[in-house]
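**Q** File name structure-v5.cif; file contents mmCIF, C-alpha atoms; full text below.
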data_upload
loop_
_atom_site.group_PDB
_atom_site.id
_atom_site.type_symbol
_atom_site.label_atom_id
_atom_site.label_comp_id
_atom_site.auth_asym_id
_atom_site.auth_seq_id
_atom_site.Cartn_x
_atom_site.Cartn_y
_atom_site.Cartn_z
ATOM 1 C CA MET O 1 0.000 0.000 0.000
ATOM 2 C CA ASN O 2 1.447 3.394 -0.971
ATOM 3 C CA LYS O 3 1.276 6.614 1.058
ATOM 4 C CA ILE O 4 -1.630 8.065 -0.929
ATOM 5 C CA GLU O 5 -3.719 4.965 -0.168
ATOM 6 C CA GLU O 6 -2.703 5.107 3.491
ATOM 7 C CA ALA O 7 -3.699 8.774 3.645
ATOM 8 C CA GLN O 8 -7.109 7.868 2.212
ATOM 9 C CA ILE O 9 -7.598 5.350 5.023
ATOM 10 C CA ILE O 10 -6.547 7.932 7.583
ATOM 11 C CA LEU O 11 -9.034 10.480 6.264
ATOM 12 C CA LYS O 12 -11.815 7.891 6.261
ATOM 13 C CA ASP O 13 -11.024 6.702 9.793
ATOM 14 C CA LEU O 14 -10.830 10.282 11.091
ATOM 15 C CA GLY O 15 -14.371 10.902 9.905
ATOM 16 C CA LEU O 16 -13.935 12.878 6.682
ATOM 17 C CA PRO O 17 -16.764 12.351 4.151
ATOM 18 C CA LYS O 18 -16.162 10.322 0.999
ATOM 19 C CA SER O 19 -15.710 13.451 -1.113
ATOM 20 C CA GLN O 20 -12.632 14.275 1.004
ATOM 21 C CA GLN O 21 -11.102 10.797 0.677
ATOM 22 C CA ASN O 22 -9.891 11.284 -2.899
ATOM 23 C CA GLU O 23 -6.357 11.592 -4.250
ATOM 24 C CA ILE O 24 -6.032 15.381 -3.978
ATOM 25 C CA SER O 25 -7.277 15.293 -0.372
ATOM 26 C CA SER O 26 -4.790 12.531 0.461
ATOM 27 C CA LEU O 27 -1.941 14.445 -1.120
ATOM 28 C CA THR O 28 -2.960 17.567 0.808
ATOM 29 C CA LEU O 29 -2.816 15.595 4.062
ATOM 30 C CA LEU O 30 0.617 14.249 3.147
ATOM 31 C CA ALA O 31 1.815 17.788 2.464
ATOM 32 C CA LEU O 32 0.485 19.116 5.779
ATOM 33 C CA CYS O 33 2.236 16.248 7.613
ATOM 34 C CA ASP O 34 5.438 16.557 5.525
ATOM 35 C CA ILE O 35 5.323 12.847 4.677
ATOM 36 C CA SER O 36 7.075 11.441 1.593
ATOM 37 C CA GLU O 37 6.668 7.904 0.211
ATOM 38 C CA THR O 38 9.596 6.630 2.316
ATOM 39 C CA ASP O 39 8.669 8.340 5.594
ATOM 40 C CA ASN O 40 6.904 6.740 8.538
ATOM 41 C CA TRP O 41 3.691 8.258 9.863
ATOM 42 C CA LYS O 42 5.238 8.454 13.332
ATOM 43 C CA ASP O 43 7.547 11.124 11.881
ATOM 44 C CA ALA O 44 4.678 13.378 10.783
ATOM 45 C CA LYS O 45 5.209 16.989 11.797
ATOM 46 C CA LYS O 46 3.299 20.249 11.895
ATOM 47 C CA ILE O 47 4.354 22.743 9.224
ATOM 48 C CA SER O 48 2.496 25.779 7.926
ATOM 49 C CA LEU O 49 1.884 25.862 4.182
ATOM 50 C CA GLY O 50 0.188 28.165 1.731
ATOM 51 C CA VAL O 51 -1.802 26.573 -1.066
ATOM 52 C CA SER O 52 0.192 27.361 -4.224
ATOM 53 C CA LYS O 53 3.788 27.653 -3.033
ATOM 54 C CA GLY O 54 3.324 25.203 -0.176
ATOM 55 C CA ILE O 55 0.847 22.374 -0.678
ATOM 56 C CA MET O 56 0.760 22.309 -4.495
ATOM 57 C CA LYS O 57 4.543 22.625 -4.695
ATOM 58 C CA PHE O 58 4.987 19.742 -2.213
ATOM 59 C CA ILE O 59 2.639 17.558 -4.264
ATOM 60 C CA SER O 60 4.584 18.346 -7.433
ATOM 61 C CA ASP O 61 8.089 18.039 -5.960
ATOM 62 C CA VAL O 62 7.591 15.044 -3.695
ATOM 63 C CA TYR O 63 4.859 12.996 -5.401
ATOM 64 C CA ARG O 64 5.416 14.163 -8.992
ATOM 65 C CA LYS O 65 1.722 14.907 -9.398
ATOM 66 C CA GLU O 66 0.981 17.903 -11.593
ATOM 67 C CA TYR O 67 -2.329 19.719 -11.366
ATOM 68 C CA ALA O 68 -3.631 22.669 -13.378
ATOM 69 C CA PRO O 69 -3.021 26.094 -11.780
ATOM 70 C CA ASN O 70 -6.742 26.583 -11.096
ATOM 71 C CA THR O 71 -6.727 23.425 -8.931
ATOM 72 C CA ARG O 72 -5.496 25.512 -5.985
ATOM 73 C CA GLU O 73 -8.969 27.051 -5.642
ATOM 74 C CA THR O 74 -10.491 23.554 -5.651
ATOM 75 C CA VAL O 75 -8.066 22.510 -2.913
ATOM 76 C CA ARG O 76 -8.950 25.576 -0.872
ATOM 77 C CA ARG O 77 -12.720 25.233 -1.239
ATOM 78 C CA PHE O 78 -13.256 21.477 -1.323
ATOM 79 C CA VAL O 79 -10.367 20.072 0.711
ATOM 80 C CA LEU O 80 -8.899 22.557 3.172
ATOM 81 C CA HIS O 81 -12.205 24.122 4.148
ATOM 82 C CA GLN O 82 -13.508 20.675 5.117
ATOM 83 C CA PHE O 83 -10.204 19.835 6.857
ATOM 84 C CA VAL O 84 -10.674 22.897 9.072
ATOM 85 C CA GLN O 85 -14.303 22.031 9.772
ATOM 86 C CA GLY O 86 -13.331 18.452 10.631
ATOM 87 C CA ARG O 87 -10.506 19.698 12.891
ATOM 88 C CA ILE O 88 -7.860 18.069 10.709
ATOM 89 C CA ALA O 89 -6.264 21.452 9.999
ATOM 90 C CA ASP O 90 -6.024 25.001 11.360
ATOM 91 C CA TYR O 91 -6.397 28.129 9.211
ATOM 92 C CA ASN O 92 -3.725 30.831 9.615
ATOM 93 C CA PRO O 93 -2.434 29.445 12.944
ATOM 94 C CA ASP O 94 0.747 31.547 12.790
ATOM 95 C CA ILE O 95 -0.913 34.898 11.980
ATOM 96 C CA PRO O 96 -4.631 34.685 12.891
ATOM 97 C CA ASP O 97 -5.397 38.262 11.802
ATOM 98 C CA LEU O 98 -4.419 37.859 8.156
ATOM 99 C CA SER O 99 -6.963 39.337 5.774
ATOM 100 C CA VAL O 100 -9.090 36.970 3.720
ATOM 101 C CA ASN O 101 -7.251 37.704 0.477
ATOM 102 C CA SER O 102 -3.760 37.830 1.960
ATOM 103 C CA PRO O 103 -1.101 35.981 -0.078
ATOM 104 C CA ARG O 104 0.296 34.839 3.279
ATOM 105 C CA ALA O 105 -2.783 32.743 4.123
ATOM 106 C CA HIS O 106 -1.700 29.287 5.299
ATOM 107 C CA TYR O 107 -2.812 26.007 6.843
ATOM 108 C CA ALA O 108 -1.288 23.521 9.287
ATOM 109 C CA ILE O 109 -2.295 20.132 10.653
ATOM 110 C CA SER O 110 -4.096 20.530 13.981
ATOM 111 C CA LYS O 111 -2.200 19.301 17.030
ATOM 112 C CA GLU O 112 -5.055 16.909 17.923
ATOM 113 C CA ALA O 113 -5.089 15.312 14.463
ATOM 114 C CA LEU O 114 -1.288 15.140 14.363
ATOM 115 C CA GLU O 115 -1.066 13.104 17.559
ATOM 116 C CA VAL O 116 -3.577 10.589 16.225
ATOM 117 C CA ILE O 117 -2.022 10.394 12.746
ATOM 118 C CA LYS O 118 1.385 9.563 14.237
ATOM 119 C CA SER O 119 -0.119 6.337 15.589
ATOM 120 C CA PHE O 120 -1.290 5.090 12.166
ATOM 121 C CA GLY O 121 -0.109 1.526 11.571
ATOM 122 C CA THR O 122 0.139 0.740 15.278
ATOM 123 C CA LYS O 123 -2.232 -1.259 17.456
ATOM 124 C CA GLU O 124 -3.417 2.033 18.971
ATOM 125 C CA TRP O 125 -4.704 3.412 15.688
ATOM 126 C CA ASN O 126 -8.307 2.187 15.734
ATOM 127 C CA LYS O 127 -8.822 3.353 19.323
ATOM 128 C CA ASN O 128 -7.188 6.729 18.711
ATOM 129 C CA ALA O 129 -9.100 7.292 15.488
ATOM 130 C CA LYS O 130 -12.416 6.489 17.175
ATOM 131 C CA GLU O 131 -11.644 8.853 20.041
ATOM 132 C CA PHE O 132 -10.836 11.574 17.524
ATOM 133 C CA ARG O 133 -14.101 10.972 15.630
ATOM 134 C CA ASP O 134 -16.046 11.068 18.875
ATOM 135 C CA SER O 135 -14.353 14.296 19.902
ATOM 136 C CA ILE O 136 -14.719 16.220 16.626
ATOM 137 C CA GLU O 137 -17.855 18.036 17.771
ATOM 138 C CA ASN O 138 -16.210 19.064 21.030
ATOM 139 C CA LEU O 139 -12.993 20.039 19.251
ATOM 140 C CA ALA O 140 -14.974 22.169 16.807
ATOM 141 C CA LYS O 141 -16.803 23.858 19.681
ATOM 142 C CA LYS O 142 -13.523 24.427 21.512
ATOM 143 C CA TYR O 143 -11.978 25.919 18.367
ATOM 144 C CA ALA O 144 -14.998 28.168 17.814
ATOM 145 C CA LYS O 145 -15.034 29.189 21.485
ATOM 146 C CA LYS O 146 -11.362 30.130 21.396
ATOM 147 C CA ARG O 147 -11.909 32.273 18.321
ATOM 148 C CA ALA O 148 -14.955 33.869 19.987
ATOM 149 C CA VAL O 149 -13.027 34.657 23.190
ATOM 150 C CA ASP O 150 -10.264 36.271 21.145
ATOM 151 C CA ARG O 151 -12.637 38.474 19.165
ATOM 152 C CA VAL O 152 -12.233 42.251 19.139
ATOM 153 C CA PRO O 153 -15.314 44.227 20.273
ATOM 154 C CA VAL O 154 -16.043 47.495 18.487
ATOM 155 C CA THR O 155 -18.784 49.966 19.399
ATOM 156 C CA LEU O 156 -20.388 51.529 16.326
ATOM 157 C CA PRO O 157 -21.574 55.166 16.167
ATOM 158 C CA ASN O 158 -25.182 53.977 16.647
ATOM 159 C CA GLY O 159 -24.238 52.220 19.907
ATOM 160 C CA GLU O 160 -24.360 48.721 18.445
ATOM 161 C CA THR O 161 -21.458 46.418 19.344
ATOM 162 C CA LEU O 162 -19.885 44.102 16.799
ATOM 163 C CA HIS O 163 -17.205 41.495 17.445
ATOM 164 C CA LEU O 164 -14.403 41.359 14.909
ATOM 165 C CA SER O 165 -12.226 38.284 14.532
ATOM 166 C CA SER O 166 -9.040 38.310 16.599
ATOM 167 C CA GLY O 167 -5.792 39.955 15.545
ATOM 168 C CA LYS O 168 -3.919 43.236 15.318
ATOM 169 C CA HIS O 169 -5.462 44.197 11.971
ATOM 170 C CA ASN O 170 -8.954 44.242 13.426
ATOM 171 C CA GLU O 171 -7.715 45.999 16.576
ATOM 172 C CA VAL O 172 -6.614 48.851 14.303
ATOM 173 C CA GLN O 173 -10.004 48.856 12.570
ATOM 174 C CA ALA O 174 -11.782 49.039 15.940
ATOM 175 C CA ALA O 175 -9.543 51.961 16.936
ATOM 176 C CA VAL O 176 -10.423 53.775 13.699
ATOM 177 C CA VAL O 177 -14.129 53.553 14.539
ATOM 178 C CA GLU O 178 -13.811 54.305 18.254
ATOM 179 C CA GLN O 179 -10.916 56.826 18.291
ATOM 180 C CA PHE O 180 -10.166 58.252 14.847
ATOM 181 C CA ARG O 181 -13.793 58.930 13.968
ATOM 182 C CA PRO O 182 -14.685 60.981 17.108
ATOM 183 C CA GLU O 183 -11.412 62.930 16.853
ATOM 184 C CA PHE O 184 -11.195 63.674 13.125
ATOM 185 C CA ALA O 185 -14.561 62.763 11.564
ATOM 186 C CA LYS O 186 -17.007 63.261 14.433
ATOM 187 C CA ASP O 187 -20.072 63.939 12.289
ATOM 188 C CA SER O 188 -19.494 60.997 9.973
ATOM 189 C CA GLU O 189 -21.573 57.856 9.553
ATOM 190 C CA LEU O 190 -20.065 54.386 9.298
ATOM 191 C CA LEU O 191 -20.875 53.026 5.855
ATOM 192 C CA TYR O 192 -18.620 49.992 5.753
ATOM 193 C CA LEU O 193 -16.504 47.913 8.141
ATOM 194 C CA GLY O 194 -14.696 44.811 6.955
ATOM 195 C CA ASP O 195 -13.276 41.891 8.909
ATOM 196 C CA THR O 196 -10.415 39.492 8.245
ATOM 197 C CA GLU O 197 -12.900 36.586 8.309
ATOM 198 C CA GLN O 198 -16.001 38.305 6.925
ATOM 199 C CA LYS O 199 -15.097 41.013 4.436
ATOM 200 C CA ASP O 200 -18.426 42.870 4.607
ATOM 201 C CA LEU O 201 -19.215 42.466 8.314
ATOM 202 C CA TYR O 202 -21.045 45.808 8.411
ATOM 203 C CA SER O 203 -22.338 47.592 5.330
ATOM 204 C CA ASP O 204 -24.880 50.380 4.876
ATOM 205 C CA ASN O 205 -25.813 49.333 1.356
ATOM 206 C CA GLN O 206 -28.573 51.896 0.998
ATOM 207 C CA THR O 207 -26.306 54.884 1.633
ATOM 208 C CA LEU O 208 -23.453 53.385 -0.397
ATOM 209 C CA GLN O 209 -25.796 53.064 -3.356
ATOM 210 C CA GLU O 210 -27.253 56.544 -2.829
ATOM 211 C CA ILE O 211 -23.845 58.231 -3.087
ATOM 212 C CA GLY O 212 -22.700 56.191 -6.086
ATOM 213 C CA ILE O 213 -20.565 53.461 -4.551
ATOM 214 C CA PRO O 214 -21.084 50.052 -6.244
ATOM 215 C CA ILE O 215 -22.384 47.697 -3.569
ATOM 216 C CA ASP O 216 -21.374 44.639 -5.580
ATOM 217 C CA GLN O 217 -17.677 45.404 -5.041
ATOM 218 C CA HIS O 218 -17.320 45.155 -1.256
ATOM 219 C CA SER O 219 -14.130 43.122 -1.589
ATOM 220 C CA LYS O 220 -12.469 46.144 -3.247
ATOM 221 C CA LEU O 221 -13.471 48.701 -0.612
ATOM 222 C CA PRO O 222 -10.964 49.848 2.030
ATOM 223 C CA ASP O 223 -11.251 48.380 5.536
ATOM 224 C CA VAL O 224 -13.352 51.276 6.896
ATOM 225 C CA VAL O 225 -15.515 53.793 5.035
ATOM 226 C CA LEU O 226 -16.963 56.875 6.791
ATOM 227 C CA PHE O 227 -19.248 59.531 5.287
ATOM 228 C CA ASP O 228 -19.859 63.107 6.470
ATOM 229 C CA ARG O 229 -23.138 64.153 4.837
ATOM 230 C CA LYS O 230 -22.857 67.804 5.854
ATOM 231 C CA LYS O 231 -19.448 68.264 4.230
ATOM 232 C CA ASN O 232 -20.015 65.553 1.601
ATOM 233 C CA TRP O 233 -16.662 64.004 2.564
ATOM 234 C CA LEU O 234 -15.906 60.319 2.163
ATOM 235 C CA TYR O 235 -13.154 58.855 4.373
ATOM 236 C CA LEU O 236 -11.513 55.786 2.802
ATOM 237 C CA ILE O 237 -9.380 54.127 5.455
ATOM 238 C CA GLU O 238 -6.977 51.209 5.174
ATOM 239 C CA ALA O 239 -5.763 49.502 8.361
ATOM 240 C CA VAL O 240 -2.219 48.263 7.879
ATOM 241 C CA THR O 241 -0.523 45.427 9.760
ATOM 242 C CA SER O 242 0.379 42.711 7.252
ATOM 243 C CA HIS O 243 -0.530 44.254 3.893
ATOM 244 C CA GLY O 244 0.057 47.599 2.265
ATOM 245 C CA PRO O 245 -1.067 51.192 2.815
ATOM 246 C CA VAL O 246 -2.891 53.613 0.528
ATOM 247 C CA SER O 247 -0.322 53.521 -2.272
ATOM 248 C CA PRO O 248 -0.453 55.431 -5.583
ATOM 249 C CA LYS O 249 -1.735 52.247 -7.247
ATOM 250 C CA ARG O 250 -4.466 51.855 -4.610
ATOM 251 C CA VAL O 251 -5.580 55.468 -5.087
ATOM 252 C CA VAL O 252 -5.942 54.898 -8.846
ATOM 253 C CA GLU O 253 -7.969 51.710 -8.220
ATOM 254 C CA LEU O 254 -10.305 53.433 -5.779
ATOM 255 C CA GLU O 255 -10.725 56.536 -7.950
ATOM 256 C CA LYS O 256 -11.818 54.309 -10.837
ATOM 257 C CA MET O 257 -14.176 52.306 -8.659
ATOM 258 C CA LEU O 258 -15.693 55.473 -7.153
ATOM 259 C CA GLU O 259 -15.905 57.502 -10.364
ATOM 260 C CA LYS O 260 -19.692 57.853 -9.963
ATOM 261 C CA CYS O 261 -19.399 59.037 -6.357
ATOM 262 C CA SER O 262 -19.445 62.846 -6.127
ATOM 263 C CA ALA O 263 -18.330 63.028 -2.491
ATOM 264 C CA GLY O 264 -14.912 64.511 -1.744
ATOM 265 C CA LYS O 265 -12.515 61.663 -1.040
ATOM 266 C CA ILE O 266 -10.054 61.542 1.849
ATOM 267 C CA TYR O 267 -7.568 58.684 1.839
ATOM 268 C CA VAL O 268 -6.261 57.562 5.217
ATOM 269 C CA THR O 269 -3.829 54.827 6.199
ATOM 270 C CA ALA O 270 -4.114 53.688 9.835
ATOM 271 C CA PHE O 271 -1.183 52.000 11.589
ATOM 272 C CA PRO O 272 -0.972 50.338 15.029
ATOM 273 C CA ASP O 273 2.295 52.097 15.909
ATOM 274 C CA PHE O 274 5.097 54.297 14.577
ATOM 275 C CA LYS O 275 7.313 51.287 13.882
ATOM 276 C CA GLU O 276 4.753 49.869 11.432
ATOM 277 C CA PHE O 277 4.349 53.295 9.816
ATOM 278 C CA LYS O 278 8.101 53.592 9.188
ATOM 279 C CA LYS O 279 8.135 50.156 7.572
ATOM 280 C CA TRP O 280 5.596 51.259 4.941
ATOM 281 C CA SER O 281 6.383 54.994 4.671
ATOM 282 C CA ASN O 282 8.008 54.763 1.224
ATOM 283 C CA LYS O 283 4.888 53.093 -0.222
ATOM 284 C CA ILE O 284 2.357 55.706 0.877
ATOM 285 C CA ALA O 285 0.778 57.957 -1.757
ATOM 286 C CA TRP O 286 1.149 61.722 -1.563
ATOM 287 C CA GLU O 287 -2.017 63.715 -0.869
ATOM 288 C CA THR O 288 -3.149 61.133 1.697
ATOM 289 C CA GLU O 289 -3.346 61.080 5.500
ATOM 290 C CA ILE O 290 -1.686 58.942 8.179
ATOM 291 C CA TRP O 291 -3.170 58.037 11.558
ATOM 292 C CA ILE O 292 -1.324 55.999 14.197
ATOM 293 C CA CYS O 293 -3.173 54.242 17.030
ATOM 294 C CA GLU O 294 -0.521 54.946 19.661
ATOM 295 C CA MET O 295 -0.802 58.686 18.920
ATOM 296 C CA PRO O 296 -4.584 58.954 18.387
ATOM 297 C CA SER O 297 -4.938 62.739 18.658
ATOM 298 C CA HIS O 298 -2.384 63.472 15.902
ATOM 299 C CA MET O 299 -2.280 63.104 12.128
ATOM 300 C CA ILE O 300 0.559 62.990 9.610
ATOM 301 C CA HIS O 301 -0.292 64.733 6.359
ATOM 302 C CA PHE O 302 1.418 63.419 3.243
ATOM 303 C CA ASN O 303 0.830 66.635 1.329
ATOM 304 C CA GLY O 304 2.031 70.201 1.148
ATOM 305 C CA ASP O 305 -1.003 72.319 0.365
ATOM 306 C CA ARG O 306 -3.524 71.741 3.161
ATOM 307 C CA PHE O 307 -4.582 69.676 6.109
ATOM 308 C CA MET O 308 -7.186 66.951 5.887
ATOM 309 C CA GLY O 309 -9.827 67.395 3.230
ATOM 310 C CA PRO O 310 -10.664 66.317 -0.331
ATOM 311 C CA ARG O 311 -8.141 67.260 -3.047
#
Turn this file's structure into structure tokens for me.

**A**
Amino acid sequence: MNKIEEAQIILKDLGLPKSQQNEISSLTLLALCDISETDNWKDAKKISLGVSKGIMKFISDVYRKEYAPNTRETVRRFVLHQFVQGRIADYNPDIPDLSVNSPRAHYAISKEALEVIKSFGTKEWNKNAKEFRDSIENLAKKYAKKRAVDRVPVTLPNGETLHLSSGKHNEVQAAVVEQFRPEFAKDSELLYLGDTEQKDLYSDNQTLQEIGIPIDQHSKLPDVVLFDRKKNWLYLIEAVTSHGPVSPKRVVELEKMLEKCSAGKIYVTAFPDFKEFKKWSNKIAWETEIWICEMPSHMIHFNGDRFMGPR
């Protein structure tokens, strides 16, 4: 029996449905456990891998199996998603606050599954696999509870409280709503608030549509959008921790997307601290604004003609 066939047995015994017992699922498991054809399952280890340059590359290099480039989306949607649900794998365990579309998104075998998998081929396997199957519901609840405990609360201008997924990125977004807005955009409404897990967590679709912002393009909006009706100013705010600021390229993209919106546009990049700001300072577009969480009552203006306002 080869390693792919053994991996299929493992997936079946750990409770994965038949649709996740196929060759690509088996190869994905082998990649997550760093197991080649000559390795023993007791030597399985936890490594974090992205889909294209991690899992698909492992499958190609180690098992000489070549799949079309668009297979990575199939692996993500029909293998890894189910692995996470079945507590076989963890999503972004190293950097939980990565945005949904981040190129650094990654997966790793869960510690519970790893311990069981290492016993495959021993007399303990059947017992360990059954215990894992019996515990999946509890493991899933524990995983969900941990993520819930770690969530970031944010109080909206209307008094409603939302809970963002955990991580520094969403802490910056919460600070934008709770600190930046009262200080620098006190009369503004919250039109849009994204989340690293749920891109359009909060969205005032009616107002977005009224002022000419396409509501079918939420994934392209900045992290936070505020609107001051009295001044007709639109604040487009990117929170930066692991991906880039409001760059010249980003300004061009947003200007094109918002070409039917007549509101004056103010571009803001929000950073958690000065250290993060310095790391990205050479990428920031001129004629934009900088706000730093650790200095909430101050702004840095990347322009020479005026303070904050539409250009």

**Q** May I ask for the distance between atom CA of Ile136 of chain O and atom CA of Lys46 of chain O, given in Å to one decimal place?

**A** 19.1 Å

**Q** How many Å separate atom CA of Ile215 of chain O from atom CA of Val268 of chain O?

**A**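 Atom-to-atom, atom CA of Ile215 of chain O to atom CA of Val268 of chain O, that is 20.8 Å.
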
**Q** Applying 12 Å and all atoms listed in the file, which residues near segment 124-132 of chain O remain after dropping the ones on its own chain fewer than 2 positions away? List them as a PyMOL selection string.

**A** chain O and resi 9-16+41-42+86-88+110-122+134-140

**Q** Would you mind listing what lies within 12 Å of Gly244 of chain O as a short mmCIF file (atom, residue, chain, number, x, y, z; two decimals) with C-alpha atoms, keeping the file's coordinate frame, with all atoms listed in the file counted and same-chain residues fewer than 2 positions away left out?

**A**
data_model
loop_
_atom_site.label_atom_id
_atom_site.label_comp_id
_atom_site.auth_asym_id
_atom_site.auth_seq_id
_atom_site.Cartn_x
_atom_site.Cartn_y
_atom_site.Cartn_z
CA SER O 99 -6.96 39.34 5.77
CA SER O 102 -3.76 37.83 1.96
CA PRO O 103 -1.10 35.98 -0.08
CA HIS O 169 -5.46 44.20 11.97
CA PRO O 222 -10.96 49.85 2.03
CA ASP O 223 -11.25 48.38 5.54
CA ILE O 237 -9.38 54.13 5.46
CA GLU O 238 -6.98 51.21 5.17
CA ALA O 239 -5.76 49.50 8.36
CA VAL O 240 -2.22 48.26 7.88
CA THR O 241 -0.52 45.43 9.76
CA SER O 242 0.38 42.71 7.25
CA VAL O 246 -2.89 53.61 0.53
CA SER O 247 -0.32 53.52 -2.27
CA PRO O 248 -0.45 55.43 -5.58
CA LYS O 249 -1.74 52.25 -7.25
CA ARG O 250 -4.47 51.86 -4.61
CA THR O 269 -3.83 54.83 6.20
CA ALA O 270 -4.11 53.69 9.84
CA PHE O 271 -1.18 52.00 11.59
CA GLU O 276 4.75 49.87 11.43
CA PHE O 277 4.35 53.30 9.82
CA LYS O 279 8.14 50.16 7.57
CA TRP O 280 5.60 51.26 4.94
CA SER O 281 6.38 54.99 4.67
CA ASN O 282 8.01 54.76 1.22
CA LYS O 283 4.89 53.09 -0.22
CA ILE O 284 2.36 55.71 0.88
CA ALA O 285 0.78 57.96 -1.76
#

**Q** Have a look at atom CA of Gly194 of chain O and atom CA of Ser297 of chain O and let me know their distance in Å, one decimal.

**A**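 A separation of 23.5 Å between them.
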
**Q** Using all atoms listed in the file, which of O:Pro272, O:Leu236, O:Gly50, O:Glu183 sits nearest Asn170 of chain O?

**A**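 Answer, going by the shortest atom-to-atom distance: O:Pro272.
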
**Q** Expanded to explicit residues, what is the PyMOL selection byres ((chain O and resi 108) around 8) for this file, as a list in words?

**A**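 Here the PyMOL selection byres ((chain O and resi 108) around 8) matches Leu32, Lys46, Ile47, Ser48, Leu49, Ala89, Asp90, Tyr91, Asn92, Pro93, His106, Tyr107, Ile109 and Ser110 of chain O.
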
**Q** How would you write, as a ChimeraX atom specification, the residues chosen by the PyMOL selection byres ((chain O and resi 95) around 9) on this structure?

**A** /O:92-94,96-98,104-106,167

**Q** Please write the residues from the selection above to a file, keeping C-alpha atoms, as a compact mmCIF listing (two decimals), in the frame of the given file.

**A**
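Saved file result.txt follows:
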# COMPACT_ATOMS: atom_id res chain seq x y z
CA ASN O 92 -3.72 30.83 9.62
CA PRO O 93 -2.43 29.44 12.94
CA ASP O 94 0.75 31.55 12.79
CA PRO O 96 -4.63 34.68 12.89
CA ASP O 97 -5.40 38.26 11.80
CA LEU O 98 -4.42 37.86 8.16
CA ARG O 104 0.30 34.84 3.28
CA ALA O 105 -2.78 32.74 4.12
CA HIS O 106 -1.70 29.29 5.30
CA GLY O 167 -5.79 39.96 15.54

**Q** Within 10 Å of segment 57-74 of chain O, counting only C-alpha atoms, which residues qualify if same-chain residues fewer than 6 places away don't, as a list in words?

**A**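 Returned residues: Lys3, Ile4, Ile24, Leu27, Thr28, Leu30, Ala31, Leu32, Asp34, Ile35, Ser36, Glu37, Leu49, Gly50, Val51, Leu80 and His81 of chain O.
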
**Q** How would you write, as a list of chain:residue names, the residues chosen by the PyMOL selection byres ((chain O and resi 184) around 10) on this structure?

**A**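 When the PyMOL selection byres ((chain O and resi 184) around 10) is applied to the shown file, the picked residues are O:Val176, O:Gln179, O:Phe180, O:Arg181, O:Pro182, O:Glu183, O:Ala185, O:Lys186, O:Asp187, O:Ser188, O:Trp291, O:Pro296, O:Ser297, O:His298, O:Met299, O:Met308.
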
**Q** With C-alpha atoms kept, could you save the residues just selected as a CSV table (one decimal), keeping the file's coordinate frame?

**A**
chain,number,residue,atom,x,y,z
O,176,VAL,CA,-10.4,53.8,13.7
O,179,GLN,CA,-10.9,56.8,18.3
O,180,PHE,CA,-10.2,58.3,14.8
O,181,ARG,CA,-13.8,58.9,14.0
O,182,PRO,CA,-14.7,61.0,17.1
O,183,GLU,CA,-11.4,62.9,16.9
O,185,ALA,CA,-14.6,62.8,11.6
O,186,LYS,CA,-17.0,63.3,14.4
O,187,ASP,CA,-20.1,63.9,12.3
O,188,SER,CA,-19.5,61.0,10.0
O,291,TRP,CA,-3.2,58.0,11.6
O,296,PRO,CA,-4.6,59.0,18.4
O,297,SER,CA,-4.9,62.7,18.7
O,298,HIS,CA,-2.4,63.5,15.9
O,299,MET,CA,-2.3,63.1,12.1
O,308,MET,CA,-7.2,67.0,5.9

**Q** Under the rule that all atoms listed in the file are counted, which of O:Asp273, O:Glu23, O:Glu289, O:Glu189 is the nearest residue to Glu171 of chain O?

**A**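 Smallest separation from Glu171 of chain O among the options: O:Asp273.
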
**Q** Let me make sure I understand: among O:Glu287, O:Gln209, O:Leu156, O:Arg76, which one has the smallest atom-to-atom distance to Val224 of chain O if we use only C-alpha atoms?

**A**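 Of the candidates, the smallest distance to Val224 of chain O is held by O:Leu156.
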
**Q** Restricting the calculation to only C-alpha atoms, which member of O:Leu191, O:Gln85, O:Phe78, O:Tyr235 is positioned closest to Ser19 of chain O?

**A**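 Of O:Leu191, O:Gln85, O:Phe78, O:Tyr235, the one nearest Ser19 of chain O, counting only C-alpha atoms, is O:Phe78.
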